[in-house]
$ cat work33.txt   # compact mmCIF, C-alpha atoms
# COMPACT_ATOMS: atom_id res chain seq x y z
CA MET N 1 -57.87 -55.13 36.92
CA TYR N 2 -60.43 -52.80 35.39
CA HIS N 3 -62.79 -50.47 37.25
CA VAL N 4 -66.16 -49.80 35.72
CA VAL N 5 -67.45 -46.26 36.12
CA THR N 6 -71.16 -45.77 35.80
CA LEU N 7 -72.37 -42.35 34.63
CA SER N 8 -75.95 -41.32 34.92
CA ALA N 9 -77.61 -39.81 31.87
CA ALA N 10 -77.89 -36.07 31.81
CA THR N 11 -81.24 -34.62 32.67
CA SER N 12 -83.16 -32.53 30.17
CA THR N 13 -82.31 -29.46 32.24
CA GLU N 14 -78.61 -30.25 32.05
CA ASN N 15 -78.86 -30.78 28.30
CA LEU N 16 -80.54 -27.41 27.91
CA GLN N 17 -77.84 -25.77 30.01
CA ALA N 18 -75.14 -27.33 27.82
CA LEU N 19 -76.86 -26.10 24.69
CA GLU N 20 -77.19 -22.64 26.19
CA GLU N 21 -73.45 -22.55 26.89
CA VAL N 22 -72.48 -23.29 23.27
CA LYS N 23 -75.25 -21.56 21.35
CA ASP N 24 -73.15 -18.42 20.82
CA PHE N 25 -70.15 -20.26 19.40
CA ARG N 26 -69.37 -20.78 15.72
CA THR N 27 -66.56 -22.36 13.71
CA THR N 28 -64.72 -21.14 10.61
CA ASP N 29 -62.10 -22.38 8.17
CA LEU N 30 -61.02 -18.73 7.55
CA GLY N 31 -61.64 -19.32 3.87
CA ARG N 32 -58.70 -21.73 3.66
CA GLY N 33 -60.71 -24.82 2.77
CA GLY N 34 -59.86 -28.21 4.19
CA LYS N 35 -61.21 -29.88 7.29
CA GLN N 36 -59.64 -27.73 9.99
CA ARG N 37 -61.98 -25.42 11.86
CA TRP N 38 -61.44 -22.80 14.54
CA THR N 39 -63.98 -21.72 17.15
CA TYR N 40 -65.06 -18.18 17.91
CA HIS N 41 -67.64 -16.56 20.16
CA ILE N 42 -70.50 -14.42 18.88
CA LEU N 43 -70.55 -11.23 20.94
CA ALA N 44 -73.45 -8.90 21.56
CA GLU N 45 -73.13 -5.60 19.69
CA GLY N 46 -72.18 -3.64 22.80
CA ALA N 47 -69.72 -6.34 23.83
CA VAL N 48 -67.89 -5.96 20.49
CA ASP N 49 -67.02 -2.35 21.28
CA THR N 50 -66.06 -3.22 24.86
CA GLU N 51 -63.76 -6.05 23.80
CA LEU N 52 -62.19 -3.99 21.02
CA GLN N 53 -61.48 -1.14 23.42
CA ARG N 54 -59.82 -3.59 25.80
CA LEU N 55 -57.57 -4.90 23.06
CA CYS N 56 -56.62 -1.78 21.09
CA ASP N 57 -55.48 0.72 23.75
CA PRO N 58 -57.39 3.77 22.39
CA ARG N 59 -55.74 7.08 23.29
CA SER N 60 -56.45 10.71 22.51
CA SER N 61 -54.32 13.83 22.78
CA THR N 62 -55.16 17.41 21.86
CA SER N 63 -55.03 16.70 18.14
CA VAL N 64 -54.42 12.96 17.61
CA ASP N 65 -56.45 9.81 18.25
CA SER N 66 -54.62 6.47 18.19
CA VAL N 67 -55.12 2.71 18.48
CA THR N 68 -52.77 -0.25 18.14
CA PHE N 69 -54.22 -3.74 17.94
CA GLN N 70 -53.37 -7.44 17.86
CA PRO N 71 -56.18 -9.72 19.11
CA CYS N 72 -54.28 -13.03 19.26
CA PRO N 73 -53.38 -13.63 22.94
CA GLU N 74 -50.18 -15.41 21.93
CA TYR N 75 -49.06 -12.40 19.89
CA ALA N 76 -50.55 -9.43 21.78
CA ILE N 77 -47.24 -8.68 23.50
CA LEU N 78 -45.44 -9.34 20.22
CA ASN N 79 -47.19 -6.57 18.29
CA GLN N 80 -44.44 -5.21 16.02
CA ASP N 81 -46.19 -1.90 15.26
CA ARG N 82 -45.04 1.25 17.01
CA TYR N 83 -46.11 4.90 16.76
CA SER N 84 -45.06 8.40 17.80
CA VAL N 85 -47.21 11.41 18.68
CA GLU N 86 -45.01 14.40 19.47
CA GLU N 87 -45.10 18.19 19.60
CA TRP N 88 -41.86 20.17 19.31
CA ASP N 89 -41.47 23.74 20.47
CA LEU N 90 -38.88 25.03 18.01
CA HIS N 91 -38.04 28.72 17.66
CA GLY N 92 -41.25 29.72 19.40
CA GLY N 93 -43.59 27.59 17.29
CA ILE N 94 -45.16 24.17 17.84
CA TRP N 95 -44.39 21.56 15.17
CA GLN N 96 -46.48 18.38 15.16
CA PHE N 97 -44.84 15.05 14.34
CA ASN N 98 -46.82 11.80 14.07
CA ALA N 99 -45.51 8.49 12.82
CA VAL N 100 -46.43 4.83 12.31
CA TYR N 101 -43.61 2.27 12.28
CA ASP N 102 -44.43 -1.25 11.09
CA GLY N 103 -41.79 -3.77 12.10
CA HIS N 104 -41.24 -7.14 10.47
CA CYS N 105 -39.28 -10.24 11.51
CA GLY N 106 -38.77 -8.95 15.07
CA HIS N 107 -38.81 -6.00 17.48
CA ASP N 108 -35.21 -4.78 17.50
CA THR N 109 -35.18 -2.70 14.32
CA VAL N 110 -38.61 -1.15 14.81
CA ASN N 111 -37.71 -0.24 18.40
CA PHE N 112 -34.45 1.30 17.17
CA VAL N 113 -36.27 3.34 14.51
CA CYS N 114 -39.02 4.49 16.88
CA LYS N 115 -36.43 5.65 19.40
CA ARG N 116 -33.97 7.33 17.03
CA LEU N 117 -35.86 8.74 14.04
CA PRO N 118 -37.97 11.44 15.78
CA SER N 119 -34.94 12.93 17.53
CA MET N 120 -32.93 12.89 14.28
CA ILE N 121 -35.71 14.72 12.45
CA ARG N 122 -36.12 17.20 15.28
CA MET N 123 -32.39 18.00 15.31
CA SER N 124 -32.34 18.42 11.52
CA LEU N 125 -35.35 20.71 11.66
CA GLN N 126 -33.80 22.72 14.50
CA ALA N 127 -30.65 23.24 12.42
CA LEU N 128 -32.71 24.33 9.40
CA LEU N 129 -34.71 26.81 11.43
CA SER N 130 -31.54 28.24 12.98
CA SER N 131 -30.02 28.88 9.57
CA SER N 132 -33.20 30.00 7.81
CA THR N 133 -33.76 33.68 7.07
CA GLY N 134 -37.53 33.24 7.01
CA ALA N 135 -39.93 31.84 9.60
CA ILE N 136 -40.18 28.52 7.76
CA PRO N 137 -37.40 27.02 5.61
CA SER N 138 -38.25 26.23 2.01
CA SER N 139 -40.31 23.09 1.46
CA GLU N 140 -37.48 21.62 -0.62
CA LEU N 141 -35.00 21.98 2.24
CA VAL N 142 -37.41 20.41 4.73
CA SER N 143 -38.17 17.54 2.33
CA GLU N 144 -34.46 16.93 1.83
CA ALA N 145 -33.86 16.94 5.59
CA LEU N 146 -36.66 14.41 6.15
CA THR N 147 -35.29 12.11 3.45
CA ASN N 148 -31.76 12.40 4.78
CA ALA N 149 -32.86 11.54 8.32
CA ILE N 150 -34.32 8.23 7.14
CA ARG N 151 -31.31 7.39 4.98
CA HIS N 152 -28.78 8.33 7.66
CA LEU N 153 -30.56 6.13 10.20
CA ASP N 154 -30.53 3.21 7.76
CA ASP N 155 -26.87 3.87 6.93
CA SER N 156 -26.01 3.70 10.62
CA ILE N 157 -27.21 0.08 10.78
CA ARG N 158 -25.08 -0.82 7.77
CA SER N 159 -22.11 1.10 9.17
CA ASP N 160 -22.32 -0.80 12.46
CA LEU N 161 -22.13 -4.05 10.49
CA PHE N 162 -19.17 -2.93 8.39
CA ASP N 163 -17.35 -1.59 11.45
CA PHE N 164 -17.83 -4.94 13.15
CA LEU N 165 -16.93 -6.99 10.06
CA PRO N 166 -15.44 -5.03 7.12
CA CYS N 167 -15.81 -6.75 3.75
CA ASP N 168 -12.06 -7.17 3.30
CA ASN N 169 -11.65 -8.67 6.76
CA LEU N 170 -14.53 -11.07 6.26
CA CYS N 171 -13.00 -12.38 3.05
CA GLY N 172 -9.76 -13.13 4.86
CA LEU N 173 -11.19 -14.83 7.96
CA SER N 174 -11.35 -18.59 8.24
CA PRO N 175 -14.56 -20.12 9.66
CA ASP N 176 -12.81 -20.64 13.02
CA GLN N 177 -11.51 -17.08 13.11
CA LEU N 178 -14.93 -15.71 12.24
CA GLY N 179 -16.57 -17.77 14.95
CA GLU N 180 -14.02 -16.64 17.53
CA HIS N 181 -14.51 -12.98 16.56
CA ILE N 182 -18.29 -13.22 16.96
CA GLN N 183 -18.01 -15.16 20.21
CA ARG N 184 -15.67 -12.54 21.70
CA HIS N 185 -18.16 -9.78 20.91
CA GLU N 186 -21.34 -11.81 21.36
CA SER N 187 -23.50 -9.08 22.89
CA LYS N 188 -22.58 -6.54 20.23
CA TRP N 189 -23.17 -9.09 17.48
CA GLU N 190 -26.64 -9.94 18.80
CA SER N 191 -27.67 -6.29 18.49
CA ILE N 192 -26.14 -5.84 15.03
CA SER N 193 -27.47 -9.09 13.58
CA ALA N 194 -30.99 -8.44 14.87
CA ARG N 195 -31.17 -5.01 13.23
CA CYS N 196 -29.71 -6.37 10.01
CA THR N 197 -32.12 -9.31 9.67
CA GLN N 198 -35.22 -7.36 10.72
CA GLY N 199 -36.78 -4.23 9.25
CA ALA N 200 -39.31 -1.45 9.71
CA THR N 201 -41.43 0.61 7.37
CA VAL N 202 -42.08 4.25 8.24
CA LEU N 203 -44.94 6.65 7.57
CA PHE N 204 -44.94 10.06 9.23
CA SER N 205 -46.37 13.55 9.02
CA LEU N 206 -44.87 16.92 9.95
CA LEU N 207 -47.11 19.99 10.37
CA ASP N 208 -45.65 23.48 10.81
CA PRO N 209 -46.83 25.91 13.52
CA SER N 210 -49.02 27.87 11.11
CA LYS N 211 -50.74 24.65 9.99
CA ARG N 212 -50.09 25.82 6.47
CA ASN N 213 -47.39 23.31 5.47
CA LEU N 214 -47.86 19.56 5.81
CA TRP N 215 -45.23 17.00 4.87
CA ILE N 216 -46.11 13.31 4.62
CA VAL N 217 -43.22 10.89 4.21
CA ASN N 218 -43.58 7.21 3.32
CA LEU N 219 -41.09 4.36 3.22
CA GLY N 220 -42.93 1.06 2.89
CA ASP N 221 -46.54 -0.10 2.68
CA SER N 222 -48.39 1.92 5.30
CA GLN N 223 -51.11 4.28 4.09
CA ALA N 224 -51.92 7.97 4.48
CA VAL N 225 -55.28 9.49 3.53
CA LEU N 226 -56.06 13.20 3.77
CA ALA N 227 -59.72 14.01 4.46
CA ARG N 228 -61.00 17.59 4.05
CA LYS N 229 -64.37 19.22 4.50
CA SER N 230 -65.14 22.16 2.24
CA PRO N 231 -66.97 25.31 3.41
CA SER N 232 -70.05 23.91 1.67
CA GLY N 233 -69.92 20.84 3.90
CA GLU N 234 -68.73 18.34 1.30
CA TRP N 235 -66.07 15.82 2.32
CA SER N 236 -63.28 14.63 0.04
CA GLY N 237 -60.63 12.01 0.62
CA THR N 238 -57.21 11.90 -1.02
CA VAL N 239 -54.99 8.81 -0.98
CA VAL N 240 -51.61 10.43 -0.38
CA ASN N 241 -49.04 7.74 -1.07
CA SER N 242 -48.50 4.64 -3.14
CA LEU N 243 -47.60 1.44 -1.32
CA HIS N 244 -44.02 0.22 -1.51
CA ASN N 245 -44.56 -3.52 -1.75
CA GLY N 246 -44.52 -6.36 -4.23
CA ASN N 247 -48.18 -5.87 -5.12
CA ASN N 248 -47.35 -2.49 -6.65
CA PRO N 249 -46.35 -3.06 -10.31
CA LEU N 250 -44.36 0.19 -10.39
CA GLU N 251 -42.23 -0.96 -7.48
CA CYS N 252 -41.61 -4.34 -9.09
CA GLN N 253 -40.66 -2.65 -12.36
CA ARG N 254 -38.25 -0.34 -10.52
CA ILE N 255 -36.49 -3.27 -8.86
CA MET N 256 -36.28 -5.19 -12.12
CA ARG N 257 -34.77 -2.14 -13.87
CA GLU N 258 -32.20 -1.74 -11.10
CA HIS N 259 -31.31 -5.45 -11.33
CA ALA N 260 -31.66 -6.09 -15.05
CA GLY N 261 -31.39 -9.73 -16.03
CA GLU N 262 -31.91 -11.02 -12.49
CA HIS N 263 -35.12 -12.99 -12.89
CA ALA N 264 -35.43 -13.80 -9.17
CA CYS N 265 -35.00 -10.22 -7.90
CA VAL N 266 -38.80 -10.20 -7.60
CA SER N 267 -40.50 -13.57 -7.13
CA ASP N 268 -44.07 -14.25 -5.98
CA ASN N 269 -44.51 -10.48 -5.46
CA ARG N 270 -41.68 -10.47 -2.92
CA VAL N 271 -38.15 -9.12 -3.08
CA ILE N 272 -35.95 -12.15 -3.98
CA GLY N 273 -39.00 -14.22 -3.04
CA TYR N 274 -38.68 -13.27 0.64
CA LEU N 275 -39.83 -9.78 1.64
CA ALA N 276 -43.12 -8.07 0.78
CA PRO N 277 -42.13 -4.43 1.48
CA THR N 278 -39.81 -3.05 -1.19
CA ARG N 279 -38.55 -0.10 0.89
CA ALA N 280 -37.65 -0.15 4.58
CA ILE N 281 -35.10 0.73 7.23
CA GLY N 282 -33.03 -2.30 8.16
CA ASP N 283 -33.23 -5.59 6.21
CA THR N 284 -29.52 -4.95 5.78
CA TRP N 285 -28.76 -8.48 4.63
CA LEU N 286 -30.60 -7.53 1.42
CA LYS N 287 -28.43 -4.41 1.04
CA VAL N 288 -24.94 -5.92 1.39
CA PRO N 289 -22.93 -8.60 -0.46
CA SER N 290 -24.26 -12.16 -0.22
CA MET N 291 -21.21 -13.41 1.70
CA TYR N 292 -22.68 -11.75 4.79
CA THR N 293 -25.82 -13.86 4.38
CA ARG N 294 -23.91 -17.08 3.76
CA ARG N 295 -21.04 -16.76 6.21
CA VAL N 296 -22.39 -14.53 8.95
CA PHE N 297 -26.16 -14.15 9.26
CA GLY N 298 -26.93 -17.70 8.18
CA GLU N 299 -24.37 -19.19 10.58
CA TYR N 300 -24.62 -16.91 13.60
CA THR N 301 -28.22 -15.65 13.78
CA PRO N 302 -30.30 -18.12 15.82
CA ASP N 303 -33.89 -18.83 14.79
CA TRP N 304 -33.50 -17.01 11.48
CA LEU N 305 -33.64 -18.93 8.19
CA THR N 306 -33.05 -22.64 7.63
CA PRO N 307 -29.77 -23.48 5.82
CA PRO N 308 -31.54 -24.36 2.52
CA LEU N 309 -33.33 -21.00 2.51
CA VAL N 310 -30.14 -19.14 3.41
CA GLU N 311 -28.46 -20.64 0.35
CA GLN N 312 -31.49 -20.10 -1.88
CA TYR N 313 -31.74 -16.41 -1.06
CA ALA N 314 -27.98 -15.84 -1.01
CA GLU N 315 -27.81 -17.11 -4.60
CA ARG N 316 -30.24 -14.35 -5.59
CA ILE N 317 -28.24 -11.53 -3.96
CA LEU N 318 -26.06 -10.52 -6.90
CA THR N 319 -26.17 -6.69 -7.06
CA PRO N 320 -27.38 -5.32 -3.72
CA PRO N 321 -29.14 -3.30 -2.43
CA TYR N 322 -32.53 -4.82 -3.19
CA ILE N 323 -34.49 -2.94 -0.52
CA SER N 324 -34.56 0.84 -0.93
CA ASP N 325 -34.26 3.42 1.86
CA ILE N 326 -35.41 6.33 -0.34
CA PRO N 327 -38.81 7.58 0.83
CA ASP N 328 -41.53 9.39 -1.08
CA VAL N 329 -42.12 12.90 0.29
CA HIS N 330 -45.44 14.69 -0.25
CA HIS N 331 -45.87 18.38 0.58
CA TYR N 332 -49.23 20.13 0.92
CA VAL N 333 -49.77 23.87 1.28
CA PHE N 334 -53.05 25.11 2.81
CA ASP N 335 -54.28 28.67 2.53
CA THR N 336 -55.28 29.24 6.13
CA THR N 337 -56.63 32.74 5.48
CA LEU N 338 -59.10 31.83 2.76
CA ASP N 339 -59.47 28.09 3.08
CA LYS N 340 -61.24 27.18 6.32
CA GLN N 341 -61.58 23.51 5.52
CA GLU N 342 -61.73 21.10 8.40
CA SER N 343 -58.98 18.55 7.85
CA PHE N 344 -57.99 15.11 9.13
CA LEU N 345 -55.00 12.97 8.29
CA ILE N 346 -55.25 9.20 8.67
CA LEU N 347 -52.00 7.25 9.06
CA CYS N 348 -52.24 3.47 9.32
CA SER N 349 -50.09 0.37 9.07
CA ASP N 350 -50.88 -2.11 6.32
CA GLY N 351 -52.71 -4.33 8.81
CA LEU N 352 -55.73 -2.02 8.59
CA LEU N 353 -55.78 -2.32 4.78
CA ASP N 354 -55.58 -6.12 5.03
CA LEU N 355 -58.90 -6.19 6.89
CA TYR N 356 -60.76 -4.91 3.83
CA ASP N 357 -61.67 -7.14 0.89
CA ASN N 358 -60.93 -4.43 -1.66
CA ILE N 359 -58.42 -1.60 -1.51
CA ASP N 360 -59.31 0.96 -4.16
CA ALA N 361 -60.36 4.56 -4.57
CA THR N 362 -63.64 3.89 -2.78
CA LEU N 363 -61.78 3.15 0.47
CA SER N 364 -60.92 6.83 0.97
CA GLU N 365 -64.58 7.69 0.39
CA ARG N 366 -65.58 5.14 3.00
CA TRP N 367 -63.12 6.61 5.48
CA VAL N 368 -64.36 10.19 5.07
CA ARG N 369 -67.89 8.91 5.73
CA ILE N 370 -66.64 7.40 8.99
CA ILE N 371 -65.24 10.79 10.01
CA ASP N 372 -68.44 12.59 8.98
CA ASN N 373 -70.65 10.16 10.92
CA ALA N 374 -68.43 10.33 14.01
CA LEU N 375 -68.48 14.14 14.00
CA LYS N 376 -72.27 14.21 13.59
CA SER N 377 -72.60 11.78 16.49
CA ARG N 378 -70.35 13.99 18.59
CA MET N 379 -72.57 17.01 17.87
CA GLU N 380 -75.74 15.06 18.67
CA HIS N 381 -74.56 13.37 21.84
CA GLY N 382 -71.87 15.79 22.99
CA SER N 383 -69.34 13.05 23.74
CA PRO N 384 -65.97 12.92 21.97
CA ARG N 385 -65.28 9.94 19.71
CA ASN N 386 -61.87 8.40 19.18
CA LEU N 387 -61.68 8.49 15.39
CA ALA N 388 -58.89 5.91 15.19
CA PHE N 389 -61.14 3.51 17.12
CA GLU N 390 -63.96 4.21 14.64
CA PHE N 391 -61.72 3.21 11.72
CA LEU N 392 -60.63 0.02 13.45
CA ARG N 393 -64.20 -0.83 14.41
CA ASP N 394 -65.26 -0.46 10.78
CA ALA N 395 -62.36 -2.55 9.51
CA ILE N 396 -62.86 -5.55 11.80
CA GLY N 397 -66.44 -5.98 10.64
CA GLY N 398 -68.51 -2.81 10.93
CA GLY N 399 -72.16 -3.83 11.16
CA ASP N 400 -71.32 -7.51 10.56
CA ILE N 401 -71.34 -8.71 14.18
CA ASP N 402 -70.39 -12.24 13.17
CA LEU N 403 -67.25 -11.06 11.33
CA ALA N 404 -66.32 -8.62 14.10
CA SER N 405 -66.74 -11.34 16.71
CA ARG N 406 -64.60 -13.73 14.70
CA ASN N 407 -61.80 -11.18 14.36
CA LEU N 408 -61.87 -10.54 18.11
CA THR N 409 -62.40 -13.98 19.67
CA LEU N 410 -60.99 -16.62 17.33
CA GLU N 411 -59.43 -19.50 19.27
CA MET N 412 -56.20 -19.94 17.33
CA ASP N 413 -52.56 -20.13 18.40
CA ASP N 414 -51.25 -18.29 15.34
CA LYS N 415 -52.27 -14.70 14.66
CA TRP N 416 -55.09 -14.51 12.15
CA ILE N 417 -54.73 -10.82 11.31
CA ASP N 418 -51.71 -8.55 11.01
CA ASP N 419 -50.84 -5.94 13.63
CA VAL N 420 -52.92 -2.78 13.15
CA THR N 421 -52.06 0.79 14.14
CA VAL N 422 -54.12 3.86 13.26
CA LEU N 423 -53.47 7.55 13.96
CA VAL N 424 -55.98 10.26 13.09
CA GLN N 425 -54.71 13.84 13.26
CA ARG N 426 -57.06 16.83 13.40
CA PHE N 427 -55.97 20.23 12.13
$ encode --input "work33.txt" --output "structure tokens"
Amino acid sequence: MYHVVTLSAATSTENLQALEEVKDFRTTDLGRGGKQRWTYHILAEGAVDTELQRLCDPRSSTSVDSVTFQPCPEYAILNQDRYSVEEWDLHGGIWQFNAVYDGHCGHDTVNFVCKRLPSMIRMSLQALLSSSTGAIPSSELVSEALTNAIRHLDDSIRSDLFDFLPCDNLCGLSPDQLGEHIQRHESKWESISARCTQGATVLFSLLDPSKRNLWIVNLGDSQAVLARKSPSGEWSGTVVNSLHNGNNPLECQRIMREHAGEHACVSDNRVIGYLAPTRAIGDTWLKVPSMYTRRVFGEYTPDWLTPPLVEQYAERILTPPYISDIPDVHHYVFDTTLDKQESFLILCSDGLLDLYDNIDATLSERWVRIIDNALKSRMEHGSPRNLAFEFLRDAIGGGDIDLASRNLTLEMDDKWIDDVTVLVQRF
């Protein structure tokens, strides 16, 4: 039996109300082509700032502004960026340490790095200061200590793996014996395997108490830009570091030199066709013999790679390591007696760069203009501005309210932009 439901036609008032409810909505294909469209809500200009502030957790300390951002509701709690803002009182002077850590493939490695690396650097610096005859150790010794801290932390992940499963032992274990060993130490294996199949890039700065020596250390594809204002009032921006990823021809050439004759060591601008960053902490499966990928990670790491991909990538791991843990260290010396330049250091994860159509020399010029405009606004209105927020606001759309609204309100289950973290240090 069927029941007939009779619906009355909507009144003109109801039609107008329905149109009013949807008039501020748009659809986009995100430039992908095809028939699929996603809906987003056009926000008023003031509402853009309000919504962005809600999503990006803007914070300010004495000398550092910060934001970290992922607008997709499904991924907001899964943001794999981390950052540190610390001051260390060492031998009667305050050292400033700021860092951006960009995790990939999970949270375990980036959490491990964020927790361990600052304390390792602090202890190394403390030891240097204790043994130094001068107030500040030589820049070369500090640079070496910073490099060693990163490499020692990365080595500890690899050492944990080899302690758990030495190469010689792995070769001699049958599949059943291997499975029993992992099952007996399941909790320990979960921690080791997560750190070995995930990774984190690192970008950090270290400023000495006199504010005369600045070290900037990069491992991966985050970006540092140094902005300085001269006594004459002119701003200049310097891109500090190159990006360690497959889009950098010098990095690809380095990998191909280190793995001569291996045509798949770089494929589709990715290391062995898999990973975009070419330098990172973790990603240990790309730093150890392929039998670990085939026999251990591929078999006993849930929700990792499908068996065909495990075999495809394992075949390309011939002469590891393929991912480097050697950072670039940049040292700047400022003459604080003669040079009264106002200075800012921008540290950001690659997600901020991805929001711009073009990444070239003009980007640093654009960023110093943002600082200049924010400082002028502060002088005019007397209210402090979070500079990291200003950079993020510019990147998500700037004056293009439609683009900014799309980046903030897109109705999509997958994340449409990468995680973004920005630190701006004043000194």
$ residues_around --input "work33.txt" --residues "Leu90 of chain N" --least-positions-apart "3" --cutoff "9 Å" --atoms "all atoms listed in the file" --output "list in words"
Gly93, Ile94, Trp95, Arg122, Leu125, Gln126 and Leu129 of chain N
$ write_last_selection --input "work33.txt" --atoms "C-alpha atoms" --output "mmCIF file, in the frame of the given file"
data_model
loop_
_atom_site.group_PDB
_atom_site.id
_atom_site.type_symbol
_atom_site.label_atom_id
_atom_site.label_comp_id
_atom_site.auth_asym_id
_atom_site.auth_seq_id
_atom_site.Cartn_x
_atom_site.Cartn_y
_atom_site.Cartn_z
ATOM 1 C CA GLY N 93 -43.590 27.590 17.290
ATOM 2 C CA ILE N 94 -45.160 24.170 17.840
ATOM 3 C CA TRP N 95 -44.390 21.560 15.170
ATOM 4 C CA ARG N 122 -36.120 17.200 15.280
ATOM 5 C CA LEU N 125 -35.350 20.710 11.660
ATOM 6 C CA GLN N 126 -33.800 22.720 14.500
ATOM 7 C CA LEU N 129 -34.710 26.810 11.430
#
$ closest_residue --input "work33.txt" --among "N:Thr284, N:Thr409, N:Thr336, N:Thr278" --to "Thr27 of chain N" --atoms "all atoms listed in the file"
N:Thr409
$ closest_atom_pairs --input "work33.txt" --of "segment 338-411 of chain N" --to "segment 104-110 of chain N" --cutoff "12 Å" --atoms "only C-alpha atoms" --output "Markdown table"
| residue | atom | partner | partner_atom | distance |
| --- | --- | --- | --- | --- |
| N:Ser349 | CA | N:His104 | CA | 11.7 |
| N:Asp350 | CA | N:His104 | CA | 11.6 |
| N:Gly351 | CA | N:His104 | CA | 11.9 |
$ atom_distance --input "work33.txt" --atom1 "atom CA of Gly199 of chain N" --atom2 "atom CA of Ile281 of chain N"
5.6 Å
$ closest_residue --input "work33.txt" --among "N:Cys171, N:Ile255, N:Ala276, N:Leu203" --to "Ile216 of chain N" --atoms "only C-alpha atoms"
N:Leu203
$ residues_around --input "work33.txt" --residues "segment 287-303 of chain N" --least-positions-apart "2" --cutoff "10 Å" --atoms "all atoms listed in the file" --output "VMD selection string"
chain N and resid 158 161 to 162 165 167 170 to 171 175 178 to 179 182 to 183 186 189 to 190 193 to 194 196 to 197 282 to 285 305 to 325
$ residues_around --input "work33.txt" --residues "Met123 of chain N" --least-positions-apart "4" --cutoff "10 Å" --atoms "all atoms listed in the file" --output "compact mmCIF listing (two decimals) with C-alpha atoms, keeping the file's coordinate frame"
# COMPACT_ATOMS: atom_id res chain seq x y z
CA LEU N 90 -38.88 25.03 18.01
CA LEU N 117 -35.86 8.74 14.04
CA PRO N 118 -37.97 11.44 15.78
CA SER N 119 -34.94 12.93 17.53
CA ALA N 127 -30.65 23.24 12.42
CA LEU N 128 -32.71 24.33 9.40
CA LEU N 129 -34.71 26.81 11.43
CA ALA N 145 -33.86 16.94 5.59
CA ALA N 149 -32.86 11.54 8.32
$ atom_distance --input "work33.txt" --atom1 "atom CA of Gln36 of chain N" --atom2 "atom CA of Asn407 of chain N"
17.3 Å
$ atom_distance --input "work33.txt" --atom1 "atom CA of Leu353 of chain N" --atom2 "atom CA of Gly220 of chain N"
13.4 Å
$ residues_around --input "work33.txt" --residues "Asp402 of chain N" --least-positions-apart "2" --cutoff "12 Å" --atoms "only C-alpha atoms" --output "mmCIF file with C-alpha atoms, in the coordinates of the input"
data_model
loop_
_atom_site.group_PDB
_atom_site.id
_atom_site.type_symbol
_atom_site.label_atom_id
_atom_site.label_comp_id
_atom_site.auth_asym_id
_atom_site.auth_seq_id
_atom_site.Cartn_x
_atom_site.Cartn_y
_atom_site.Cartn_z
ATOM 1 C CA ASP N 24 -73.150 -18.420 20.820
ATOM 2 C CA PHE N 25 -70.150 -20.260 19.400
ATOM 3 C CA ARG N 26 -69.370 -20.780 15.720
ATOM 4 C CA THR N 27 -66.560 -22.360 13.710
ATOM 5 C CA THR N 28 -64.720 -21.140 10.610
ATOM 6 C CA TYR N 40 -65.060 -18.180 17.910
ATOM 7 C CA HIS N 41 -67.640 -16.560 20.160
ATOM 8 C CA ILE N 42 -70.500 -14.420 18.880
ATOM 9 C CA LEU N 43 -70.550 -11.230 20.940
ATOM 10 C CA ALA N 44 -73.450 -8.900 21.560
ATOM 11 C CA GLU N 45 -73.130 -5.600 19.690
ATOM 12 C CA VAL N 48 -67.890 -5.960 20.490
ATOM 13 C CA ILE N 396 -62.860 -5.550 11.800
ATOM 14 C CA GLY N 397 -66.440 -5.980 10.640
ATOM 15 C CA GLY N 398 -68.510 -2.810 10.930
ATOM 16 C CA GLY N 399 -72.160 -3.830 11.160
ATOM 17 C CA ASP N 400 -71.320 -7.510 10.560
ATOM 18 C CA ALA N 404 -66.320 -8.620 14.100
ATOM 19 C CA SER N 405 -66.740 -11.340 16.710
ATOM 20 C CA ARG N 406 -64.600 -13.730 14.700
ATOM 21 C CA ASN N 407 -61.800 -11.180 14.360
ATOM 22 C CA LEU N 408 -61.870 -10.540 18.110
ATOM 23 C CA THR N 409 -62.400 -13.980 19.670
ATOM 24 C CA LEU N 410 -60.990 -16.620 17.330
#
$ residues_around --input "work33.txt" --residues "segment 360-374 of chain N" --least-positions-apart "5" --cutoff "10 Å" --atoms "only C-alpha atoms" --output "PyMOL selection string"
chain N and resi 224-229+233-239+344+346+353+379-380+384-388+390-391+394+424
$ write_last_selection --input "work33.txt" --atoms "C-alpha atoms" --output "compact mmCIF listing (two decimals), keeping the file's coordinate frame"
# COMPACT_ATOMS: atom_id res chain seq x y z
CA ALA N 224 -51.92 7.97 4.48
CA VAL N 225 -55.28 9.49 3.53
CA LEU N 226 -56.06 13.20 3.77
CA ALA N 227 -59.72 14.01 4.46
CA ARG N 228 -61.00 17.59 4.05
CA LYS N 229 -64.37 19.22 4.50
CA GLY N 233 -69.92 20.84 3.90
CA GLU N 234 -68.73 18.34 1.30
CA TRP N 235 -66.07 15.82 2.32
CA SER N 236 -63.28 14.63 0.04
CA GLY N 237 -60.63 12.01 0.62
CA THR N 238 -57.21 11.90 -1.02
CA VAL N 239 -54.99 8.81 -0.98
CA PHE N 344 -57.99 15.11 9.13
CA ILE N 346 -55.25 9.20 8.67
CA LEU N 353 -55.78 -2.32 4.78
CA MET N 379 -72.57 17.01 17.87
CA GLU N 380 -75.74 15.06 18.67
CA PRO N 384 -65.97 12.92 21.97
CA ARG N 385 -65.28 9.94 19.71
CA ASN N 386 -61.87 8.40 19.18
CA LEU N 387 -61.68 8.49 15.39
CA ALA N 388 -58.89 5.91 15.19
CA GLU N 390 -63.96 4.21 14.64
CA PHE N 391 -61.72 3.21 11.72
CA ASP N 394 -65.26 -0.46 10.78
CA VAL N 424 -55.98 10.26 13.09
